[in-house]
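Student: my_file.cif is the file, holding mmCIF, C-alpha atoms:
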```
data_my_file
loop_
_atom_site.group_PDB
_atom_site.id
_atom_site.type_symbol
_atom_site.label_atom_id
_atom_site.label_comp_id
_atom_site.auth_asym_id
_atom_site.auth_seq_id
_atom_site.Cartn_x
_atom_site.Cartn_y
_atom_site.Cartn_z
ATOM 1 C CA GLU X 1 96.224 91.556 91.302
ATOM 2 C CA LEU X 2 99.885 92.134 90.579
ATOM 3 C CA LYS X 3 102.253 90.220 92.840
ATOM 4 C CA VAL X 4 106.007 90.722 92.993
ATOM 5 C CA GLU X 5 108.272 88.133 94.554
ATOM 6 C CA GLN X 6 111.927 88.443 95.349
ATOM 7 C CA ASN X 7 114.398 85.823 96.333
ATOM 8 C CA PRO X 8 116.319 85.307 98.366
ATOM 9 C CA LEU X 9 114.905 87.314 101.260
ATOM 10 C CA PHE X 10 118.232 87.285 103.040
ATOM 11 C CA LEU X 11 121.651 87.012 101.489
ATOM 12 C CA SER X 12 124.949 86.920 103.294
ATOM 13 C CA MET X 13 127.971 86.906 101.043
ATOM 14 C CA GLN X 14 131.675 87.349 101.300
ATOM 15 C CA GLU X 15 133.463 90.287 99.817
ATOM 16 C CA GLY X 16 134.708 89.621 96.334
ATOM 17 C CA LYS X 17 131.997 87.087 95.454
ATOM 18 C CA ASN X 18 129.284 87.346 92.820
ATOM 19 C CA TYR X 19 125.595 86.789 93.367
ATOM 20 C CA THR X 20 122.187 87.396 91.805
ATOM 21 C CA ILE X 21 118.889 88.570 93.260
ATOM 22 C CA TYR X 22 115.754 87.478 91.416
ATOM 23 C CA CYS X 23 112.503 89.344 90.986
ATOM 24 C CA ASN X 24 109.418 87.633 89.530
ATOM 25 C CA TYR X 25 106.121 89.317 88.875
ATOM 26 C CA SER X 26 102.711 87.921 88.067
ATOM 27 C CA THR X 27 101.180 90.181 85.418
ATOM 28 C CA THR X 28 102.438 91.458 82.081
ATOM 29 C CA SER X 29 104.433 94.640 82.466
ATOM 30 C CA ASP X 30 107.492 96.141 80.844
ATOM 31 C CA ARG X 31 108.299 98.596 83.590
ATOM 32 C CA LEU X 32 110.509 97.477 86.455
ATOM 33 C CA TYR X 33 112.536 99.437 88.984
ATOM 34 C CA TRP X 34 115.283 98.560 91.445
ATOM 35 C CA TYR X 35 115.814 100.465 94.667
ATOM 36 C CA ARG X 36 118.293 100.342 97.501
ATOM 37 C CA GLN X 37 117.366 101.108 101.098
ATOM 38 C CA ASP X 38 119.734 101.521 104.035
ATOM 39 C CA PRO X 39 118.227 100.910 107.484
ATOM 40 C CA GLY X 40 115.712 103.612 108.388
ATOM 41 C CA LYS X 41 116.545 105.581 105.259
ATOM 42 C CA SER X 42 114.857 106.472 102.010
ATOM 43 C CA LEU X 43 114.637 104.454 98.813
ATOM 44 C CA GLU X 44 117.444 105.224 96.406
ATOM 45 C CA SER X 45 116.713 104.571 92.742
ATOM 46 C CA LEU X 46 119.229 102.211 91.152
ATOM 47 C CA PHE X 47 117.781 101.196 87.790
ATOM 48 C CA VAL X 48 114.771 101.911 85.596
ATOM 49 C CA LEU X 49 114.064 99.109 83.118
ATOM 50 C CA LEU X 50 111.410 99.914 80.557
ATOM 51 C CA SER X 51 111.606 97.284 77.846
ATOM 52 C CA ASN X 52 112.153 93.604 77.243
ATOM 53 C CA GLY X 53 115.842 92.789 77.174
ATOM 54 C CA ALA X 54 116.845 96.004 78.926
ATOM 55 C CA VAL X 55 120.194 95.747 80.678
ATOM 56 C CA LYS X 56 121.724 98.472 82.790
ATOM 57 C CA GLN X 57 124.959 98.580 84.757
ATOM 58 C CA GLU X 58 126.270 100.880 87.417
ATOM 59 C CA GLY X 59 129.523 99.985 89.112
ATOM 60 C CA ARG X 60 129.301 96.472 90.568
ATOM 61 C CA LEU X 61 125.543 96.209 89.954
ATOM 62 C CA MET X 62 123.849 95.085 86.773
ATOM 63 C CA ALA X 63 120.109 94.718 86.227
ATOM 64 C CA SER X 64 118.216 93.032 83.425
ATOM 65 C CA LEU X 65 114.602 92.543 82.439
ATOM 66 C CA ASP X 66 112.926 89.659 80.624
ATOM 67 C CA THR X 67 109.285 90.623 80.190
ATOM 68 C CA LYS X 68 108.333 87.330 78.577
ATOM 69 C CA ALA X 69 109.513 85.417 81.625
ATOM 70 C CA ARG X 70 108.292 88.221 83.918
ATOM 71 C CA LEU X 71 111.707 88.157 85.539
ATOM 72 C CA SER X 72 114.323 90.704 86.467
ATOM 73 C CA THR X 73 117.717 90.036 87.956
ATOM 74 C CA LEU X 74 120.100 92.206 89.926
ATOM 75 C CA HIS X 75 123.627 90.875 89.627
ATOM 76 C CA ILE X 76 126.335 91.845 92.066
ATOM 77 C CA THR X 77 129.924 91.498 90.941
ATOM 78 C CA ALA X 78 132.856 91.291 93.367
ATOM 79 C CA ALA X 79 130.792 92.475 96.311
ATOM 80 C CA VAL X 80 132.157 95.084 98.689
ATOM 81 C CA HIS X 81 130.951 95.985 102.171
ATOM 82 C CA ASP X 82 129.361 99.255 100.973
ATOM 83 C CA LEU X 83 126.777 97.260 99.052
ATOM 84 C CA SER X 84 125.222 95.961 102.281
ATOM 85 C CA ALA X 85 121.595 97.173 102.209
ATOM 86 C CA THR X 86 118.085 96.010 101.403
ATOM 87 C CA TYR X 87 117.273 95.849 97.697
ATOM 88 C CA PHE X 88 113.738 96.130 96.384
ATOM 89 C CA CYS X 89 112.326 95.558 92.960
ATOM 90 C CA ALA X 90 109.059 97.215 92.026
ATOM 91 C CA VAL X 91 106.712 96.990 89.065
ATOM 92 C CA ASP X 92 104.077 99.315 87.709
ATOM 93 C CA MET X 93 101.533 98.258 85.174
ATOM 94 C CA ASN X 94 101.330 100.765 82.386
ATOM 95 C CA PHE X 95 100.561 104.301 81.526
ATOM 96 C CA GLY X 96 97.723 105.619 83.585
ATOM 97 C CA ASN X 97 98.350 103.075 86.336
ATOM 98 C CA GLU X 98 101.731 104.028 87.678
ATOM 99 C CA LYS X 99 101.444 102.850 91.249
ATOM 100 C CA LEU X 100 104.419 100.720 92.251
ATOM 101 C CA THR X 101 103.989 97.235 93.623
ATOM 102 C CA PHE X 102 107.078 96.289 95.602
ATOM 103 C CA GLY X 103 108.709 92.986 96.247
ATOM 104 C CA THR X 104 109.446 91.912 99.800
ATOM 105 C CA GLY X 105 113.043 93.065 99.567
ATOM 106 C CA THR X 106 116.362 91.228 99.796
ATOM 107 C CA ARG X 107 118.505 92.063 102.788
ATOM 108 C CA LEU X 108 122.084 91.810 101.611
ATOM 109 C CA THR X 109 124.967 91.580 104.064
ATOM 110 C CA ILE X 110 128.512 91.602 102.782
ATOM 111 C CA ILE X 111 130.981 89.952 105.113
ATOM 112 C CA PRO X 112 134.651 91.009 104.993
ATOM 113 C CA ASP S 1 119.084 115.196 98.787
ATOM 114 C CA SER S 2 116.613 113.629 96.350
ATOM 115 C CA GLY S 3 114.675 116.832 95.794
ATOM 116 C CA VAL S 4 111.536 115.421 97.408
ATOM 117 C CA THR S 5 111.033 117.036 100.806
ATOM 118 C CA GLN S 6 109.023 115.440 103.570
ATOM 119 C CA THR S 7 108.186 116.927 106.944
ATOM 120 C CA PRO S 8 108.301 116.151 109.761
ATOM 121 C CA LYS S 9 110.991 113.461 109.841
ATOM 122 C CA HIS S 10 109.695 111.973 113.067
ATOM 123 C CA LEU S 11 106.316 112.121 114.742
ATOM 124 C CA ILE S 12 105.224 110.568 118.014
ATOM 125 C CA THR S 13 101.567 110.788 118.905
ATOM 126 C CA ALA S 14 98.925 109.055 120.964
ATOM 127 C CA THR S 15 96.192 106.722 119.808
ATOM 128 C CA GLY S 16 93.078 108.483 118.619
ATOM 129 C CA GLN S 17 94.933 111.571 117.496
ATOM 130 C CA ARG S 18 95.211 113.110 114.020
ATOM 131 C CA VAL S 19 98.402 114.055 112.199
ATOM 132 C CA THR S 20 99.333 115.639 108.888
ATOM 133 C CA LEU S 21 102.354 114.641 106.851
ATOM 134 C CA ARG S 22 103.664 117.013 104.216
ATOM 135 C CA CYS S 23 105.464 116.412 100.940
ATOM 136 C CA SER S 24 106.964 118.775 98.389
ATOM 137 C CA PRO S 25 107.769 117.051 95.089
ATOM 138 C CA ARG S 26 110.849 117.632 92.969
ATOM 139 C CA SER S 27 110.687 120.768 90.919
ATOM 140 C CA GLY S 28 108.789 120.022 87.721
ATOM 141 C CA ASP S 29 107.204 116.768 88.916
ATOM 142 C CA LEU S 30 103.436 116.740 88.662
ATOM 143 C CA SER S 31 102.700 113.376 90.260
ATOM 144 C CA VAL S 32 102.902 112.654 93.965
ATOM 145 C CA TYR S 33 102.561 109.206 95.482
ATOM 146 C CA TRP S 34 102.238 108.129 99.099
ATOM 147 C CA TYR S 35 103.536 104.807 100.392
ATOM 148 C CA GLN S 36 103.511 103.146 103.790
ATOM 149 C CA GLN S 37 106.340 100.887 104.924
ATOM 150 C CA SER S 38 105.796 98.623 107.898
ATOM 151 C CA LEU S 39 107.446 95.430 109.084
ATOM 152 C CA ASP S 40 104.369 93.269 108.552
ATOM 153 C CA GLN S 41 102.992 94.801 105.336
ATOM 154 C CA GLY S 42 106.168 95.861 103.570
ATOM 155 C CA LEU S 43 105.928 98.785 101.149
ATOM 156 C CA GLN S 44 102.323 99.518 100.221
ATOM 157 C CA PHE S 45 100.960 102.091 97.809
ATOM 158 C CA LEU S 46 98.391 104.396 99.380
ATOM 159 C CA ILE S 47 97.372 107.065 96.895
ATOM 160 C CA GLN S 48 98.500 109.082 93.876
ATOM 161 C CA TYR S 49 97.786 112.647 92.831
ATOM 162 C CA TYR S 50 98.530 114.146 89.456
ATOM 163 C CA ASN S 51 98.466 117.897 89.046
ATOM 164 C CA GLY S 52 95.992 118.338 91.863
ATOM 165 C CA GLU S 53 93.661 115.474 91.073
ATOM 166 C CA GLU S 54 93.453 112.032 92.602
ATOM 167 C CA ARG S 55 94.558 109.485 90.021
ATOM 168 C CA ALA S 56 94.870 106.150 91.811
ATOM 169 C CA LYS S 57 94.055 104.668 95.165
ATOM 170 C CA GLY S 58 95.604 101.689 96.881
ATOM 171 C CA ASN S 59 94.806 100.054 100.187
ATOM 172 C CA ILE S 60 94.298 103.359 101.947
ATOM 173 C CA LEU S 61 92.187 103.256 105.071
ATOM 174 C CA GLU S 62 89.095 105.424 105.304
ATOM 175 C CA ARG S 63 90.720 107.148 108.278
ATOM 176 C CA PHE S 64 93.420 108.384 105.926
ATOM 177 C CA SER S 65 93.008 111.108 103.320
ATOM 178 C CA ALA S 66 95.262 113.162 101.118
ATOM 179 C CA GLN S 67 95.244 116.121 98.813
ATOM 180 C CA GLN S 68 97.531 117.936 96.429
ATOM 181 C CA PHE S 69 97.520 121.697 96.390
ATOM 182 C CA PRO S 70 97.910 124.132 93.474
ATOM 183 C CA ASP S 71 101.618 124.533 94.254
ATOM 184 C CA LEU S 72 101.817 120.711 93.911
ATOM 185 C CA HIS S 73 102.765 119.972 97.484
ATOM 186 C CA SER S 74 100.740 117.203 99.066
ATOM 187 C CA GLU S 75 99.496 116.373 102.528
ATOM 188 C CA LEU S 76 98.538 113.015 103.963
ATOM 189 C CA ASN S 77 96.112 113.207 106.864
ATOM 190 C CA LEU S 78 95.885 110.303 109.283
ATOM 191 C CA SER S 79 93.112 110.357 111.858
ATOM 192 C CA SER S 80 91.868 108.209 114.744
ATOM 193 C CA LEU S 81 95.332 106.779 114.905
ATOM 194 C CA GLU S 82 95.896 103.221 116.061
ATOM 195 C CA LEU S 83 99.056 101.479 117.207
ATOM 196 C CA GLY S 84 99.146 99.604 113.912
ATOM 197 C CA ASP S 85 99.508 102.847 111.976
ATOM 198 C CA SER S 86 103.057 103.169 113.250
ATOM 199 C CA ALA S 87 105.208 103.020 110.118
ATOM 200 C CA LEU S 88 107.462 104.898 107.753
ATOM 201 C CA TYR S 89 105.465 107.001 105.325
ATOM 202 C CA PHE S 90 107.155 107.869 102.080
ATOM 203 C CA CYS S 91 106.244 110.359 99.442
ATOM 204 C CA ALA S 92 107.515 109.935 95.891
ATOM 205 C CA SER S 93 107.227 112.097 92.816
ATOM 206 C CA SER S 94 107.651 111.622 89.101
ATOM 207 C CA VAL S 95 107.844 113.835 86.048
ATOM 208 C CA ASP S 96 105.065 112.043 84.250
ATOM 209 C CA ARG S 97 104.008 108.412 84.257
ATOM 210 C CA GLY S 98 107.186 107.016 85.772
ATOM 211 C CA GLN S 99 109.227 106.558 82.612
ATOM 212 C CA TYR S 100 112.127 108.354 84.277
ATOM 213 C CA GLY S 101 111.545 106.596 87.557
ATOM 214 C CA TYR S 102 110.127 107.663 90.848
ATOM 215 C CA THR S 103 112.067 109.749 93.364
ATOM 216 C CA PHE S 104 111.410 109.125 97.030
ATOM 217 C CA GLY S 105 111.636 111.508 99.926
ATOM 218 C CA SER S 106 113.386 110.678 103.179
ATOM 219 C CA GLY S 107 110.144 109.644 104.835
ATOM 220 C CA THR S 108 108.255 110.436 108.011
ATOM 221 C CA ARG S 109 108.549 107.937 110.819
ATOM 222 C CA LEU S 110 105.253 107.852 112.686
ATOM 223 C CA THR S 111 105.090 106.253 116.101
ATOM 224 C CA VAL S 112 101.686 105.866 117.720
ATOM 225 C CA VAL S 113 101.822 105.193 121.464
#
```
What would you get if you wrote out this structure as structure tokens?
Tutor:
Amino acid sequence: ELKVEQNPLFLSMQEGKNYTIYCNYSTTSDRLYWYRQDPGKSLESLFVLLSNGAVKQEGRLMASLDTKARLSTLHITAAVHDLSATYFCAVDMNFGNEKLTFGTGTRLTIIP
Amino acid sequence: DSGVTQTPKHLITATGQRVTLRCSPRSGDLSVYWYQQSLDQGLQFLIQYYNGEERAKGNILERFSAQQFPDLHSELNLSSLELGDSALYFCASSVDRGQYGYTFGSGTRLTVV
């Protein structure tokens, strides 16, 4: 059974600082997704990573995927208050088995 | 607006009752997925339909059922509701096989009292 672990679960950081959220998964897959969720809201797609070594950047967020290590990272550069949210990584197995298995989420709070 | 439409946004009902949640996928998406988000279980996959046919099943209770209609909208039926069924229910859609990602609707918040 595929398991997805995120750490940390909670992250409080000051504006302007850098930090990384880690996502480990238990079974071989080369398909990983990052989502953002504001309280009580929907899941907003941030990144789709579909191959080993994939790196994508959008604004202050950068995501990478290492399929050999079964690890993805979400790096936050010079955090701003607007980035406060819960971030989820999710993995699906392969073609024909596209159901997403989500990590527990990382609740990020940016302090002015 | 993600393009995935879910109705209703909020639903309050009593234990033992039955409700139907509705989802319209993004235009052109053939796959519809249902997820449940609760504080104790996190985000859990329930069921997937592709072009009208059930493709995958997760930890969906026997009291729950779903279907996808010829116009590709989907309904999730929850019956004999229990307090523990209170959760956010999300629908997601994808073009085909998730290679362009999965787009989520705004969810239906179900409260069972």
Student: Within 12 Å of chain X, which residues of chain S show up? Give each one with its shortest atom-to-atom distance in Å (one decimal) and the two atoms involved, counting only C-alpha atoms, rows by chain then rising residue number, as a tab-separated table.
Tutor:
```
residue	atom	partner	partner_atom	distance
S:Asp1	CA	X:Ser42	CA	10.2
S:Ser2	CA	X:Glu44	CA	8.4
S:Gly3	CA	X:Glu44	CA	11.9
S:Val4	CA	X:Ser42	CA	10.6
S:Thr5	CA	X:Ser42	CA	11.3
S:Gln6	CA	X:Ser42	CA	10.8
S:Lys9	CA	X:Lys41	CA	10.7
S:His10	CA	X:Gly40	CA	11.3
S:Ser31	CA	X:Glu98	CA	9.7
S:Val32	CA	X:Lys99	CA	10.3
S:Tyr33	CA	X:Lys99	CA	7.7
S:Trp34	CA	X:Lys99	CA	9.5
S:Tyr35	CA	X:Leu100	CA	9.2
S:Gln36	CA	X:Phe102	CA	11.3
S:Gln37	CA	X:Gly40	CA	10.4
S:Ser38	CA	X:Gly40	CA	11.1
S:Leu39	CA	X:Thr104	CA	10.1
S:Asp40	CA	X:Thr104	CA	10.2
S:Gln41	CA	X:Thr104	CA	9.0
S:Gly42	CA	X:Thr104	CA	6.4
S:Leu43	CA	X:Phe102	CA	6.2
S:Gln44	CA	X:Thr101	CA	7.2
S:Phe45	CA	X:Lys99	CA	6.6
S:Leu46	CA	X:Lys99	CA	8.8
S:Ile47	CA	X:Lys99	CA	8.1
S:Gln48	CA	X:Lys99	CA	7.4
S:Tyr49	CA	X:Lys99	CA	10.6
S:Tyr50	CA	X:Gly96	CA	10.4
S:Glu54	CA	X:Gly96	CA	11.9
S:Arg55	CA	X:Gly96	CA	8.1
S:Ala56	CA	X:Asn97	CA	7.2
S:Lys57	CA	X:Lys99	CA	8.6
S:Gly58	CA	X:Lys99	CA	8.2
S:Asn59	CA	X:Lys99	CA	11.5
S:Ala87	CA	X:Gly40	CA	10.7
S:Leu88	CA	X:Gly40	CA	8.4
S:Tyr89	CA	X:Ser42	CA	10.0
S:Phe90	CA	X:Ser42	CA	7.8
S:Cys91	CA	X:Ser42	CA	9.8
S:Ala92	CA	X:Leu43	CA	9.4
S:Ser93	CA	X:Lys99	CA	11.0
S:Ser94	CA	X:Glu98	CA	9.7
S:Val95	CA	X:Glu98	CA	11.7
S:Asp96	CA	X:Glu98	CA	9.3
S:Arg97	CA	X:Glu98	CA	6.0
S:Gly98	CA	X:Glu98	CA	6.5
S:Gln99	CA	X:Leu50	CA	7.3
S:Tyr100	CA	X:Val48	CA	7.1
S:Gly101	CA	X:Val48	CA	6.0
S:Tyr102	CA	X:Ser45	CA	7.5
S:Thr103	CA	X:Ser45	CA	7.0
S:Phe104	CA	X:Leu43	CA	6.0
S:Gly105	CA	X:Ser42	CA	6.3
S:Ser106	CA	X:Ser42	CA	4.6
S:Gly107	CA	X:Ser42	CA	6.3
S:Thr108	CA	X:Ser42	CA	9.8
S:Arg109	CA	X:Gly40	CA	8.7
```
Student: Provide the atom CA of Val113 of chain S to atom CA of Asp38 of chain X distance in Å, to one decimal place.
Tutor: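 A separation of 25.3 Å between them.
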Student: Residues picked by the PyMOL selection byres ((chain X and resi 65) around 10) here, as a PyMOL selection string?
Tutor: chain X and resi 23+30-33+48-56+63-64+66-74
Student: Take the residues that were just selected and, keeping C-alpha atoms, output them as a short mmCIF file (atom, residue, chain, number, x, y, z; two decimals), in the coordinates of the input.
Tutor:
```
data_model
loop_
_atom_site.label_atom_id
_atom_site.label_comp_id
_atom_site.auth_asym_id
_atom_site.auth_seq_id
_atom_site.Cartn_x
_atom_site.Cartn_y
_atom_site.Cartn_z
CA CYS X 23 112.50 89.34 90.99
CA ASP X 30 107.49 96.14 80.84
CA ARG X 31 108.30 98.60 83.59
CA LEU X 32 110.51 97.48 86.46
CA TYR X 33 112.54 99.44 88.98
CA VAL X 48 114.77 101.91 85.60
CA LEU X 49 114.06 99.11 83.12
CA LEU X 50 111.41 99.91 80.56
CA SER X 51 111.61 97.28 77.85
CA ASN X 52 112.15 93.60 77.24
CA GLY X 53 115.84 92.79 77.17
CA ALA X 54 116.84 96.00 78.93
CA VAL X 55 120.19 95.75 80.68
CA LYS X 56 121.72 98.47 82.79
CA ALA X 63 120.11 94.72 86.23
CA SER X 64 118.22 93.03 83.42
CA ASP X 66 112.93 89.66 80.62
CA THR X 67 109.28 90.62 80.19
CA LYS X 68 108.33 87.33 78.58
CA ALA X 69 109.51 85.42 81.62
CA ARG X 70 108.29 88.22 83.92
CA LEU X 71 111.71 88.16 85.54
CA SER X 72 114.32 90.70 86.47
CA THR X 73 117.72 90.04 87.96
CA LEU X 74 120.10 92.21 89.93
#
```
Student: Grab the atom CA of Leu81 of chain S to atom CA of Cys23 of chain S distance for me, in Å with one decimal place.
Tutor: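 Pair atom CA of Leu81 of chain S / atom CA of Cys23 of chain S returns 19.8 Å.
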Student: With all atoms listed in the file as the counted atoms, please give the residues lying no more than 6 Å from Glu15 of chain X, apart from itself and same-chain residues fewer than 4 positions off, as a list of chain:residue names.
Tutor: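 Returned residues: X:Ala79, X:Val80, X:Ile110, X:Ile111, X:Pro112.
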Student: Run the PyMOL selection byres ((chain S and resi 77) around 6) on the file and write out the hits as a list in words.
Tutor: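 Those residues are Val19, Thr20, Phe64, Ser65, Ala66, Leu76 and Leu78 of chain S.
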Student: To one decimal place in Å, what is the distance between atom CA of Asn7 of chain X and atom CA of Thr77 of chain X?
Tutor: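 Separating atom CA of Asn7 of chain X from atom CA of Thr77 of chain X is a distance of 17.4 Å.
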Student: Produce the centre coordinates and the three edge lengths, each in Å to one decimal, of the box along x, y and z that contains all listed atoms of segment 6-24 of chain S with 3 Å added on each side, as JSON.
Tutor:
```
{"center_x": 102.0, "center_y": 112.7, "center_z": 109.7, "size_x": 23.9, "size_y": 18.1, "size_z": 28.6}
```
Student: Any chance you could work out the residue set of the PyMOL selection byres ((chain X and resi 1) around 9) here, as an MDAnalysis selection string?
Tutor: chainID X and resid 2:3 26:27
